[in-house]
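Have a look at run_27.cif; it's mmCIF, C-alpha atoms and all ligand atoms; chains and numbers go by the auth columns:
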data_my_file
#
loop_
_atom_site.group_PDB
_atom_site.id
_atom_site.type_symbol
_atom_site.label_atom_id
_atom_site.label_comp_id
_atom_site.label_asym_id
_atom_site.label_seq_id
_atom_site.Cartn_x
_atom_site.Cartn_y
_atom_site.Cartn_z
_atom_site.B_iso_or_equiv
_atom_site.auth_seq_id
_atom_site.auth_asym_id
ATOM 1 C CA MET A 1 40.447 10.126 -66.342 0.00 1 A
ATOM 2 C CA THR A 2 41.108 6.997 -68.377 0.00 2 A
ATOM 3 C CA PHE A 3 41.221 3.703 -66.537 0.00 3 A
ATOM 4 C CA LEU A 4 44.046 1.292 -67.174 0.00 4 A
ATOM 5 C CA THR A 5 42.433 -2.135 -67.462 0.00 5 A
ATOM 6 C CA ASP A 6 43.978 -5.504 -66.712 0.00 6 A
ATOM 7 C CA ALA A 7 42.432 -7.576 -69.504 0.00 7 A
ATOM 8 C CA HIS A 8 42.989 -10.907 -67.743 0.00 8 A
ATOM 9 C CA ILE A 9 43.531 -11.657 -64.060 0.00 9 A
ATOM 10 C CA HIS A 10 42.203 -14.286 -61.651 0.00 10 A
ATOM 11 C CA LEU A 11 41.288 -12.085 -58.698 0.00 11 A
ATOM 12 C CA SER A 12 38.881 -14.723 -57.424 0.00 12 A
ATOM 13 C CA ASP A 13 41.880 -17.015 -56.823 0.00 13 A
ATOM 14 C CA GLU A 14 42.496 -18.024 -53.215 0.00 14 A
ATOM 15 C CA GLU A 15 45.936 -16.389 -53.411 0.00 15 A
ATOM 16 C CA PHE A 16 44.366 -12.904 -53.430 0.00 16 A
ATOM 17 C CA ARG A 17 41.613 -13.476 -50.895 0.00 17 A
ATOM 18 C CA SER A 18 43.177 -12.048 -47.732 0.00 18 A
ATOM 19 C CA ASP A 19 44.598 -9.025 -49.577 0.00 19 A
ATOM 20 C CA MET A 20 41.408 -8.118 -51.404 0.00 20 A
ATOM 21 C CA PRO A 21 40.566 -4.963 -49.393 0.00 21 A
ATOM 22 C CA TYR A 22 44.071 -3.619 -50.132 0.00 22 A
ATOM 23 C CA ILE A 23 43.914 -4.668 -53.784 0.00 23 A
ATOM 24 C CA LEU A 24 40.599 -2.868 -54.285 0.00 24 A
ATOM 25 C CA THR A 25 41.924 0.241 -52.515 0.00 25 A
ATOM 26 C CA ALA A 26 45.077 0.259 -54.652 0.00 26 A
ATOM 27 C CA MET A 27 43.002 -0.188 -57.817 0.00 27 A
ATOM 28 C CA ALA A 28 40.779 2.767 -56.887 0.00 28 A
ATOM 29 C CA LYS A 29 43.754 4.993 -56.009 0.00 29 A
ATOM 30 C CA MET A 30 45.612 4.082 -59.207 0.00 30 A
ATOM 31 C CA ASN A 31 42.616 4.152 -61.591 0.00 31 A
ATOM 32 C CA LEU A 32 42.940 0.495 -62.430 0.00 32 A
ATOM 33 C CA ARG A 33 40.165 -1.899 -63.452 0.00 33 A
ATOM 34 C CA ALA A 34 40.332 -5.619 -64.073 0.00 34 A
ATOM 35 C CA CYS A 35 38.613 -8.168 -66.270 0.00 35 A
ATOM 36 C CA CYS A 36 38.395 -10.828 -63.593 0.00 36 A
ATOM 37 C CA VAL A 37 38.293 -14.259 -65.253 0.00 37 A
ATOM 38 C CA SER A 38 37.134 -17.552 -63.740 0.00 38 A
ATOM 39 C CA MET A 39 38.093 -21.220 -63.942 0.00 39 A
ATOM 40 C CA ASP A 40 34.960 -23.215 -63.089 0.00 40 A
ATOM 41 C CA TYR A 41 31.657 -23.009 -61.208 0.00 41 A
ATOM 42 C CA PRO A 42 33.052 -22.141 -57.736 0.00 42 A
ATOM 43 C CA SER A 43 35.432 -19.491 -59.042 0.00 43 A
ATOM 44 C CA SER A 44 32.700 -18.070 -61.315 0.00 44 A
ATOM 45 C CA CYS A 45 30.530 -17.632 -58.196 0.00 45 A
ATOM 46 C CA ALA A 46 33.483 -16.022 -56.385 0.00 46 A
ATOM 47 C CA THR A 47 34.036 -13.660 -59.337 0.00 47 A
ATOM 48 C CA LEU A 48 30.382 -12.602 -59.276 0.00 48 A
ATOM 49 C CA ALA A 49 30.631 -11.957 -55.524 0.00 49 A
ATOM 50 C CA LEU A 50 33.771 -9.878 -56.057 0.00 50 A
ATOM 51 C CA ALA A 51 32.060 -7.819 -58.749 0.00 51 A
ATOM 52 C CA GLY A 52 29.334 -7.087 -56.198 0.00 52 A
ATOM 53 C CA ARG A 53 31.979 -5.450 -53.989 0.00 53 A
ATOM 54 C CA SER A 54 33.501 -3.112 -56.561 0.00 54 A
ATOM 55 C CA SER A 55 32.630 -1.664 -59.950 0.00 55 A
ATOM 56 C CA LEU A 56 36.357 -1.880 -60.789 0.00 56 A
ATOM 57 C CA ILE A 57 35.904 -5.648 -61.155 0.00 57 A
ATOM 58 C CA LEU A 58 34.555 -6.600 -64.571 0.00 58 A
ATOM 59 C CA PRO A 59 33.325 -10.167 -64.135 0.00 59 A
ATOM 60 C CA PHE A 60 34.098 -12.861 -66.704 0.00 60 A
ATOM 61 C CA ILE A 61 32.773 -16.329 -65.954 0.00 61 A
ATOM 62 C CA GLY A 62 33.333 -19.624 -67.729 0.00 62 A
ATOM 63 C CA ILE A 63 35.217 -22.927 -67.785 0.00 63 A
ATOM 64 C CA HIS A 64 38.997 -23.027 -68.196 0.00 64 A
ATOM 65 C CA PRO A 65 40.340 -25.941 -70.315 0.00 65 A
ATOM 66 C CA GLU A 66 41.953 -27.366 -67.166 0.00 66 A
ATOM 67 C CA LYS A 67 38.468 -27.762 -65.682 0.00 67 A
ATOM 68 C CA ALA A 68 36.702 -28.992 -68.811 0.00 68 A
ATOM 69 C CA GLU A 69 36.163 -32.480 -67.385 0.00 69 A
ATOM 70 C CA ASN A 70 33.413 -30.993 -65.201 0.00 70 A
ATOM 71 C CA ASP A 71 29.838 -30.751 -66.374 0.00 71 A
ATOM 72 C CA PRO A 72 29.496 -27.383 -68.149 0.00 72 A
ATOM 73 C CA GLU A 73 25.768 -27.206 -67.386 0.00 73 A
ATOM 74 C CA SER A 74 26.097 -25.440 -64.011 0.00 74 A
ATOM 75 C CA VAL A 75 28.327 -22.707 -65.459 0.00 75 A
ATOM 76 C CA ALA A 76 26.068 -22.372 -68.502 0.00 76 A
ATOM 77 C CA THR A 77 23.114 -21.817 -66.184 0.00 77 A
ATOM 78 C CA LEU A 78 25.126 -19.284 -64.177 0.00 78 A
ATOM 79 C CA ILE A 79 25.978 -17.371 -67.372 0.00 79 A
ATOM 80 C CA THR A 80 22.350 -17.379 -68.473 0.00 80 A
ATOM 81 C CA SER A 81 21.006 -16.183 -65.133 0.00 81 A
ATOM 82 C CA ASN A 82 23.683 -13.468 -64.798 0.00 82 A
ATOM 83 C CA SER A 83 23.868 -12.396 -68.430 0.00 83 A
ATOM 84 C CA SER A 84 23.081 -8.767 -67.602 0.00 84 A
ATOM 85 C CA LYS A 85 25.707 -8.636 -64.826 0.00 85 A
ATOM 86 C CA ILE A 86 28.714 -10.217 -66.521 0.00 86 A
ATOM 87 C CA SER A 87 31.170 -8.310 -68.704 0.00 87 A
ATOM 88 C CA GLY A 88 32.287 -11.388 -70.612 0.00 88 A
ATOM 89 C CA ILE A 89 32.911 -15.120 -70.773 0.00 89 A
ATOM 90 C CA GLY A 90 36.266 -16.602 -69.751 0.00 90 A
ATOM 91 C CA GLU A 91 38.662 -18.062 -69.190 0.00 91 A
ATOM 92 C CA ILE A 92 37.776 -20.545 -71.908 0.00 92 A
ATOM 93 C CA GLY A 93 39.856 -22.320 -74.515 0.00 93 A
ATOM 94 C CA LEU A 94 41.916 -25.362 -75.415 0.00 94 A
ATOM 95 C CA ASP A 95 45.126 -26.829 -73.987 0.00 95 A
ATOM 96 C CA ARG A 96 46.382 -30.380 -74.519 0.00 96 A
ATOM 97 C CA THR A 97 48.558 -30.130 -71.381 0.00 97 A
ATOM 98 C CA TYR A 98 45.474 -30.864 -69.322 0.00 98 A
ATOM 99 C CA VAL A 99 44.266 -33.982 -71.164 0.00 99 A
ATOM 100 C CA SER A 100 45.770 -37.423 -71.558 0.00 100 A
ATOM 101 C CA ASP A 101 44.014 -38.557 -74.742 0.00 101 A
ATOM 102 C CA GLU A 102 42.049 -37.453 -77.784 0.00 102 A
ATOM 103 C CA GLU A 103 38.729 -38.070 -76.050 0.00 103 A
ATOM 104 C CA GLY A 104 39.809 -35.570 -73.357 0.00 104 A
ATOM 105 C CA PHE A 105 40.652 -33.022 -76.041 0.00 105 A
ATOM 106 C CA ARG A 106 37.312 -33.586 -77.761 0.00 106 A
ATOM 107 C CA ARG A 107 35.583 -32.931 -74.430 0.00 107 A
ATOM 108 C CA GLN A 108 37.564 -29.689 -74.046 0.00 108 A
ATOM 109 C CA LYS A 109 36.434 -28.684 -77.532 0.00 109 A
ATOM 110 C CA ARG A 110 32.778 -29.380 -76.720 0.00 110 A
ATOM 111 C CA VAL A 111 32.983 -27.272 -73.562 0.00 111 A
ATOM 112 C CA PHE A 112 34.793 -24.473 -75.439 0.00 112 A
ATOM 113 C CA GLU A 113 32.142 -24.485 -78.174 0.00 113 A
ATOM 114 C CA ALA A 114 29.339 -24.469 -75.594 0.00 114 A
ATOM 115 C CA MET A 115 30.920 -21.379 -74.002 0.00 115 A
ATOM 116 C CA LEU A 116 31.358 -19.680 -77.390 0.00 116 A
ATOM 117 C CA SER A 117 27.734 -20.247 -78.284 0.00 117 A
ATOM 118 C CA LEU A 118 26.687 -18.574 -75.018 0.00 118 A
ATOM 119 C CA ALA A 119 29.003 -15.654 -75.843 0.00 119 A
ATOM 120 C CA GLU A 120 27.297 -15.392 -79.214 0.00 120 A
ATOM 121 C CA LYS A 121 23.823 -15.642 -77.697 0.00 121 A
ATOM 122 C CA PHE A 122 24.415 -12.969 -75.036 0.00 122 A
ATOM 123 C CA ARG A 123 26.788 -10.865 -77.185 0.00 123 A
ATOM 124 C CA LYS A 124 29.632 -11.042 -74.677 0.00 124 A
ATOM 125 C CA PRO A 125 33.378 -10.766 -75.274 0.00 125 A
ATOM 126 C CA VAL A 126 35.504 -13.856 -74.632 0.00 126 A
ATOM 127 C CA SER A 127 38.880 -14.331 -72.917 0.00 127 A
ATOM 128 C CA ILE A 128 40.623 -17.263 -74.600 0.00 128 A
ATOM 129 C CA HIS A 129 43.417 -19.545 -73.382 0.00 129 A
ATOM 130 C CA SER A 130 45.228 -20.768 -76.498 0.00 130 A
ATOM 131 C CA ARG A 131 48.491 -22.358 -75.329 0.00 131 A
ATOM 132 C CA LYS A 132 49.822 -24.361 -78.302 0.00 132 A
ATOM 133 C CA THR A 133 46.282 -24.608 -79.728 0.00 133 A
ATOM 134 C CA LEU A 134 46.033 -21.409 -81.766 0.00 134 A
ATOM 135 C CA ASP A 135 45.471 -23.200 -85.073 0.00 135 A
ATOM 136 C CA GLU A 136 42.617 -25.311 -83.654 0.00 136 A
ATOM 137 C CA ILE A 137 41.101 -22.172 -82.155 0.00 137 A
ATOM 138 C CA PHE A 138 41.387 -20.322 -85.475 0.00 138 A
ATOM 139 C CA SER A 139 39.422 -23.118 -87.101 0.00 139 A
ATOM 140 C CA ILE A 140 36.649 -22.970 -84.472 0.00 140 A
ATOM 141 C CA LEU A 141 36.102 -19.211 -84.035 0.00 141 A
ATOM 142 C CA PRO A 142 34.612 -18.479 -87.492 0.00 142 A
ATOM 143 C CA SER A 143 31.678 -20.824 -86.702 0.00 143 A
ATOM 144 C CA PHE A 144 30.446 -18.265 -84.162 0.00 144 A
ATOM 145 C CA ARG A 145 29.370 -14.661 -84.497 0.00 145 A
ATOM 146 C CA LEU A 146 31.458 -13.174 -81.726 0.00 146 A
ATOM 147 C CA GLY A 147 32.126 -9.660 -80.532 0.00 147 A
ATOM 148 C CA GLY A 148 35.432 -9.040 -78.771 0.00 148 A
ATOM 149 C CA SER A 149 37.688 -12.105 -78.827 0.00 149 A
ATOM 150 C CA LEU A 150 40.878 -11.922 -76.795 0.00 150 A
ATOM 151 C CA LEU A 151 43.719 -14.399 -77.246 0.00 151 A
ATOM 152 C CA HIS A 152 45.187 -13.761 -73.830 0.00 152 A
ATOM 153 C CA TRP A 153 48.942 -14.167 -73.163 0.00 153 A
ATOM 154 C CA PHE A 154 49.524 -14.356 -76.880 0.00 154 A
ATOM 155 C CA ALA A 155 52.458 -16.688 -77.545 0.00 155 A
ATOM 156 C CA GLY A 156 52.083 -17.659 -81.174 0.00 156 A
ATOM 157 C CA SER A 157 54.338 -17.204 -84.199 0.00 157 A
ATOM 158 C CA LYS A 158 54.361 -14.064 -86.338 0.00 158 A
ATOM 159 C CA LYS A 159 52.269 -15.956 -88.881 0.00 159 A
ATOM 160 C CA GLN A 160 49.703 -16.861 -86.229 0.00 160 A
ATOM 161 C CA LEU A 161 49.677 -13.257 -85.058 0.00 161 A
ATOM 162 C CA LYS A 162 48.858 -12.187 -88.616 0.00 162 A
ATOM 163 C CA THR A 163 45.976 -14.693 -88.713 0.00 163 A
ATOM 164 C CA ALA A 164 44.705 -13.376 -85.362 0.00 164 A
ATOM 165 C CA MET A 165 44.786 -9.824 -86.739 0.00 165 A
ATOM 166 C CA ASP A 166 43.030 -10.870 -89.962 0.00 166 A
ATOM 167 C CA MET A 167 40.308 -12.513 -87.875 0.00 167 A
ATOM 168 C CA GLY A 168 39.796 -9.346 -85.841 0.00 168 A
ATOM 169 C CA CYS A 169 41.021 -10.806 -82.545 0.00 169 A
ATOM 170 C CA PHE A 170 42.579 -8.820 -79.734 0.00 170 A
ATOM 171 C CA VAL A 171 45.808 -10.107 -78.189 0.00 171 A
ATOM 172 C CA SER A 172 47.220 -9.258 -74.780 0.00 172 A
ATOM 173 C CA TYR A 173 50.710 -8.951 -73.397 0.00 173 A
ATOM 174 C CA GLY A 174 51.765 -9.054 -69.785 0.00 174 A
ATOM 175 C CA PRO A 175 54.647 -8.492 -67.357 0.00 175 A
ATOM 176 C CA ALA A 176 56.942 -10.895 -69.287 0.00 176 A
ATOM 177 C CA MET A 177 57.102 -8.291 -72.064 0.00 177 A
ATOM 178 C CA VAL A 178 59.030 -5.966 -69.748 0.00 178 A
ATOM 179 C CA TYR A 179 62.050 -8.310 -69.863 0.00 179 A
ATOM 180 C CA SER A 180 61.460 -10.619 -72.854 0.00 180 A
ATOM 181 C CA GLN A 181 62.795 -9.559 -76.233 0.00 181 A
ATOM 182 C CA ASP A 182 60.659 -12.186 -78.018 0.00 182 A
ATOM 183 C CA LYS A 183 57.481 -10.699 -76.576 0.00 183 A
ATOM 184 C CA GLN A 184 58.592 -7.195 -77.501 0.00 184 A
ATOM 185 C CA VAL A 185 59.154 -8.277 -81.112 0.00 185 A
ATOM 186 C CA LEU A 186 55.677 -9.835 -81.246 0.00 186 A
ATOM 187 C CA PHE A 187 54.164 -6.747 -79.634 0.00 187 A
ATOM 188 C CA SER A 188 55.745 -4.522 -82.273 0.00 188 A
ATOM 189 C CA GLU A 189 54.094 -6.617 -85.005 0.00 189 A
ATOM 190 C CA THR A 190 50.625 -6.283 -83.436 0.00 190 A
ATOM 191 C CA LEU A 191 48.082 -3.813 -84.834 0.00 191 A
ATOM 192 C CA GLU A 192 47.881 -0.900 -82.432 0.00 192 A
ATOM 193 C CA ASP A 193 44.112 -1.056 -82.091 0.00 193 A
ATOM 194 C CA ARG A 194 44.165 -4.775 -81.150 0.00 194 A
ATOM 195 C CA ILE A 195 46.525 -4.591 -78.169 0.00 195 A
ATOM 196 C CA LEU A 196 45.410 -5.189 -74.586 0.00 196 A
ATOM 197 C CA LEU A 197 47.494 -5.565 -71.424 0.00 197 A
ATOM 198 C CA GLU A 198 47.139 -8.139 -68.688 0.00 198 A
ATOM 199 C CA THR A 199 48.900 -9.602 -65.662 0.00 199 A
ATOM 200 C CA ASP A 200 47.300 -13.107 -65.473 0.00 200 A
ATOM 201 C CA GLY A 201 47.816 -13.012 -61.688 0.00 201 A
ATOM 202 C CA PRO A 202 48.370 -15.070 -59.622 0.00 202 A
ATOM 203 C CA VAL A 203 51.018 -16.204 -62.126 0.00 203 A
ATOM 204 C CA LYS A 204 54.510 -15.349 -60.864 0.00 204 A
ATOM 205 C CA PHE A 205 57.000 -13.461 -63.021 0.00 205 A
ATOM 206 C CA SER A 206 60.775 -13.511 -62.793 0.00 206 A
ATOM 207 C CA ARG A 207 63.524 -10.927 -63.342 0.00 207 A
ATOM 208 C CA CYS A 208 62.444 -7.459 -62.193 0.00 208 A
ATOM 209 C CA PHE A 209 59.234 -8.931 -60.750 0.00 209 A
ATOM 210 C CA GLY A 210 61.228 -11.142 -58.379 0.00 210 A
ATOM 211 C CA HIS A 211 59.015 -14.266 -58.698 0.00 211 A
ATOM 212 C CA LYS A 212 56.225 -12.434 -56.886 0.00 212 A
ATOM 213 C CA THR A 213 52.559 -13.114 -57.533 0.00 213 A
ATOM 214 C CA ALA A 214 51.404 -10.770 -60.304 0.00 214 A
ATOM 215 C CA GLN A 215 49.201 -7.935 -59.069 0.00 215 A
ATOM 216 C CA VAL A 216 46.988 -5.522 -60.988 0.00 216 A
ATOM 217 C CA THR A 217 49.460 -2.880 -59.792 0.00 217 A
ATOM 218 C CA PHE A 218 52.136 -4.381 -62.090 0.00 218 A
ATOM 219 C CA LEU A 219 50.161 -2.955 -64.985 0.00 219 A
ATOM 220 C CA PRO A 220 51.653 0.565 -65.158 0.00 220 A
ATOM 221 C CA SER A 221 55.111 -1.035 -65.671 0.00 221 A
ATOM 222 C CA VAL A 222 53.710 -3.079 -68.560 0.00 222 A
ATOM 223 C CA LEU A 223 52.095 0.027 -70.040 0.00 223 A
ATOM 224 C CA PHE A 224 55.353 1.968 -69.693 0.00 224 A
ATOM 225 C CA CYS A 225 57.144 -0.757 -71.669 0.00 225 A
ATOM 226 C CA ALA A 226 54.317 -0.807 -74.244 0.00 226 A
ATOM 227 C CA SER A 227 54.437 2.979 -74.677 0.00 227 A
ATOM 228 C CA GLU A 228 58.189 2.837 -75.378 0.00 228 A
ATOM 229 C CA LEU A 229 57.657 0.117 -78.001 0.00 229 A
ATOM 230 C CA MET A 230 54.830 2.140 -79.571 0.00 230 A
ATOM 231 C CA GLY A 231 56.956 5.275 -79.630 0.00 231 A
ATOM 232 C CA LYS A 232 54.240 7.123 -77.698 0.00 232 A
ATOM 233 C CA SER A 233 54.057 8.904 -74.384 0.00 233 A
ATOM 234 C CA TYR A 234 52.641 6.992 -71.424 0.00 234 A
ATOM 235 C CA GLU A 235 49.454 9.110 -71.600 0.00 235 A
ATOM 236 C CA GLU A 236 49.014 8.534 -75.335 0.00 236 A
ATOM 237 C CA ALA A 237 49.443 4.784 -74.879 0.00 237 A
ATOM 238 C CA LEU A 238 46.954 4.857 -71.987 0.00 238 A
ATOM 239 C CA GLU A 239 44.435 6.576 -74.253 0.00 239 A
ATOM 240 C CA ILE A 240 44.912 3.970 -77.021 0.00 240 A
ATOM 241 C CA LEU A 241 44.622 1.089 -74.550 0.00 241 A
ATOM 242 C CA GLY A 242 41.459 2.646 -73.114 0.00 242 A
ATOM 243 C CA LYS A 243 39.852 2.744 -76.570 0.00 243 A
ATOM 244 C CA ASN A 244 40.955 -0.833 -77.305 0.00 244 A
ATOM 245 C CA THR A 245 39.489 -2.066 -74.020 0.00 245 A
ATOM 246 C CA ASN A 246 36.133 -0.423 -74.744 0.00 246 A
ATOM 247 C CA ALA A 247 36.113 -1.943 -78.228 0.00 247 A
ATOM 248 C CA TYR A 248 36.900 -5.382 -76.769 0.00 248 A
ATOM 249 C CA LEU A 249 34.223 -5.094 -74.085 0.00 249 A
ATOM 250 C CA GLY A 250 31.708 -3.680 -76.572 0.00 250 A
ATOM 251 C CA VAL A 251 30.942 -0.639 -74.410 0.00 251 A
HETATM 252 ZN ZN ZN B . 44.509 -17.027 -66.964 0.00 301 B
#

Let me see the structure of the file written as structure tokens.
Amino acid sequence: MTFLTDAHIHLSDEEFRSDMPYILTAMAKMNLRACCVSMDYPSSCATLALAGRSSLILPFIGIHPEKAENDPESVATLITSNSSKISGIGEIGLDRTYVSDEEGFRRQKRVFEAMLSLAEKFRKPVSIHSRKTLDEIFSILPSFRLGGSLLHWFAGSKKQLKTAMDMGCFVSYGPAMVYSQDKQVLFSETLEDRILLETDGPVKFSRCFGHKTAQVTFLPSVLFCASELMGKSYEEALEILGKNTNAYLGV
């Protein structure tokens, strides 16, 4: 049985805490796994604890650009001491929304590069936040010898998508693709072996998702939409996604 894997979700977020027993049960019943990404030191610790409760949780730890003002040392130490336990490093990346000046952006870059060098050192895949910073990220990535690199919630132009493909990156699409034509067009331009699916919960999605907090259990709807766009059956698409996930995770 092939697992369907959520390539990017924040299950260590407070929002999910009280429902976690039900979430884990639903994941087991529905053959779902999740790359559980973190934001900072406390959420990285929470992610590691969650991974201790279920093998369906694939722990990713790191510093999100929103939290890059914090000292990266504690997370770096956590990565080093848990290098055999973690599946990857994330959520990491760049986003000017969270800084007020160039010095803030430079700090984000330093933290991002510190995380990438740990990914290189421990040969771990990375989950990258690239909102409006794709070009900067494209200029940084070649300085590191990385395995799987995921540009999560890909929202670039067709040209940027082409660059991502040329650089060997994976890109992921989420619940918004079910109702957004723009996302569907981008999806159709993506190389089939570089596609991953995600929910990015606890983000809330509109339209058919009714502004509810995204759950791992939204994923089959996203896969159904993806299979239609790929012109494949649901099972065939599941098989392809399974292979892509293993290639991304390096397993
Ligand atoms: Zn995220």

Contacts of Asp200 of chain A within 8 Å, all atoms listed in the file, excl. fewer than 4 positions in-chain, as a PyMOL selection string: chain A and resi 8-10+153+174+214

Between chain A and ligand ZN 301 (chain B), at 12 Å or less, what are the per-residue closest atom pairs and their distances in Å? Count all atoms listed in the file, order by chain and rising residue number, and return it as a Markdown table.
| residue | atom | partner | partner_atom | distance |
| --- | --- | --- | --- | --- |
| A:Asp6 | CA | B:ZN301 | ZN | 11.5 |
| A:Ala7 | CA | B:ZN301 | ZN | 10.0 |
| A:His8 | CA | B:ZN301 | ZN | 6.4 |
| A:Ile9 | CA | B:ZN301 | ZN | 6.2 |
| A:His10 | CA | B:ZN301 | ZN | 6.4 |
| A:Leu11 | CA | B:ZN301 | ZN | 10.2 |
| A:Ser12 | CA | B:ZN301 | ZN | 11.3 |
| A:Asp13 | CA | B:ZN301 | ZN | 10.5 |
| A:Cys35 | CA | B:ZN301 | ZN | 10.7 |
| A:Cys36 | CA | B:ZN301 | ZN | 9.3 |
| A:Val37 | CA | B:ZN301 | ZN | 7.0 |
| A:Ser38 | CA | B:ZN301 | ZN | 8.1 |
| A:Met39 | CA | B:ZN301 | ZN | 8.2 |
| A:Phe60 | CA | B:ZN301 | ZN | 11.2 |
| A:Ile61 | CA | B:ZN301 | ZN | 11.8 |
| A:Gly62 | CA | B:ZN301 | ZN | 11.5 |
| A:Ile63 | CA | B:ZN301 | ZN | 11.0 |
| A:His64 | CA | B:ZN301 | ZN | 8.2 |
| A:Pro65 | CA | B:ZN301 | ZN | 10.4 |
| A:Glu66 | CA | B:ZN301 | ZN | 10.7 |
| A:Gly90 | CA | B:ZN301 | ZN | 8.7 |
| A:Glu91 | CA | B:ZN301 | ZN | 6.3 |
| A:Ile92 | CA | B:ZN301 | ZN | 9.1 |
| A:Gly93 | CA | B:ZN301 | ZN | 10.3 |
| A:Ser127 | CA | B:ZN301 | ZN | 8.6 |
| A:Ile128 | CA | B:ZN301 | ZN | 8.6 |
| A:His129 | CA | B:ZN301 | ZN | 7.0 |
| A:Ser130 | CA | B:ZN301 | ZN | 10.3 |
| A:Arg131 | CA | B:ZN301 | ZN | 10.7 |
| A:Leu150 | CA | B:ZN301 | ZN | 11.7 |
| A:Leu151 | CA | B:ZN301 | ZN | 10.6 |
| A:His152 | CA | B:ZN301 | ZN | 7.6 |
| A:Trp153 | CA | B:ZN301 | ZN | 8.1 |
| A:Phe154 | CA | B:ZN301 | ZN | 11.4 |
| A:Ser172 | CA | B:ZN301 | ZN | 11.3 |
| A:Gly174 | CA | B:ZN301 | ZN | 11.1 |
| A:Glu198 | CA | B:ZN301 | ZN | 9.4 |
| A:Thr199 | CA | B:ZN301 | ZN | 8.7 |
| A:Asp200 | CA | B:ZN301 | ZN | 5.0 |
| A:Gly201 | CA | B:ZN301 | ZN | 7.4 |
| A:Pro202 | CA | B:ZN301 | ZN | 8.5 |
| A:Val203 | CA | B:ZN301 | ZN | 8.2 |
| A:Lys204 | CA | B:ZN301 | ZN | 11.8 |
| A:Ala214 | CA | B:ZN301 | ZN | 11.4 |

When you look at Ser81 of chain A with a cut-off of 12 Å (counting all atoms listed in the file), what residues show up, excluding the ones that are within fewer than 3 positions of it in the same chain? I need them as number ranges by chain. A: 45, 48, 61, 74-78, 84-86, 118, 122

Please write the residues picked by the PyMOL selection byres (((chain A and resi 158) around 10) and not hetatm) on this file as number ranges by chain. A: 155-157, 159-164, 185-187, 189-190

Interatomic distance (Å, one decimal) between atom CA of Thr47 of chain A and atom CA of Val178 of chain A: 28.1 Å

Leaving out segment 182-184 of chain A and any residue of its chain fewer than 4 positions from it, which residues lie within 8 Å of it when counting only C-alpha atoms, given as a list in words? Ala155, Tyr173, Ala176, Met177, Val178, Ser188 and Leu229 of chain A

Between atom CA of Ala247 of chain A and atom CA of Ser221 of chain A, what distance in Å does the model show, to one decimal? 22.8 Å

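The residues returned by the PyMOL selection byres (((chain A and resi 32) around 10) and not hetatm) for this structure are A:Thr2, A:Phe3, A:Leu4, A:Thr5, A:Asp6, A:Leu24, A:Thr25, A:Ala26, A:Met27, A:Ala28, A:Lys29, A:Met30, A:Asn31, A:Arg33, A:Ala34, A:Leu56, A:Ile57, A:Val216, A:Thr217, A:Leu219, A:Pro220.
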
Around the point (40.7, -32.6, -71.8) (coordinates from the file), which residues reach within 9 Å if we count all atoms listed in the file? Answer as number ranges by chain. A: 65-69, 94-109

Could those selected residues go to a file with C-alpha atoms, as a PDB file, keeping the file's coordinate frame?
ATOM      1  CA  PRO A  65      40.340 -25.941 -70.315  1.00  0.00           C
ATOM      2  CA  GLU A  66      41.953 -27.366 -67.166  1.00  0.00           C
ATOM      3  CA  LYS A  67      38.468 -27.762 -65.682  1.00  0.00           C
ATOM      4  CA  ALA A  68      36.702 -28.992 -68.811  1.00  0.00           C
ATOM      5  CA  GLU A  69      36.163 -32.480 -67.385  1.00  0.00           C
ATOM      6  CA  LEU A  94      41.916 -25.362 -75.415  1.00  0.00           C
ATOM      7  CA  ASP A  95      45.126 -26.829 -73.987  1.00  0.00           C
ATOM      8  CA  ARG A  96      46.382 -30.380 -74.519  1.00  0.00           C
ATOM      9  CA  THR A  97      48.558 -30.130 -71.381  1.00  0.00           C
ATOM     10  CA  TYR A  98      45.474 -30.864 -69.322  1.00  0.00           C
ATOM     11  CA  VAL A  99      44.266 -33.982 -71.164  1.00  0.00           C
ATOM     12  CA  SER A 100      45.770 -37.423 -71.558  1.00  0.00           C
ATOM     13  CA  ASP A 101      44.014 -38.557 -74.742  1.00  0.00           C
ATOM     14  CA  GLU A 102      42.049 -37.453 -77.784  1.00  0.00           C
ATOM     15  CA  GLU A 103      38.729 -38.070 -76.050  1.00  0.00           C
ATOM     16  CA  GLY A 104      39.809 -35.570 -73.357  1.00  0.00           C
ATOM     17  CA  PHE A 105      40.652 -33.022 -76.041  1.00  0.00           C
ATOM     18  CA  ARG A 106      37.312 -33.586 -77.761  1.00  0.00           C
ATOM     19  CA  ARG A 107      35.583 -32.931 -74.430  1.00  0.00           C
ATOM     20  CA  GLN A 108      37.564 -29.689 -74.046  1.00  0.00           C
ATOM     21  CA  LYS A 109      36.434 -28.684 -77.532  1.00  0.00           C
TER      22      LYS A 109
END

Atomic distance atom CA of Pro72 of chain A - atom CA of Gly148 of chain A, expressed in Å with one decimal: 22.0 Å

Name the residues captured by the PyMOL selection byres (((chain A and resi 192) around 10) and not hetatm) when it is applied to the shown file; answer as number ranges by chain. A: 170, 187-191, 193-196, 230, 237, 240-241, 244

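Nearest to Cys225 of chain A of all the residues A:Pro175, A:Lys212, A:Gly88, A:Thr133 is A:Pro175, counting all atoms listed in the file.
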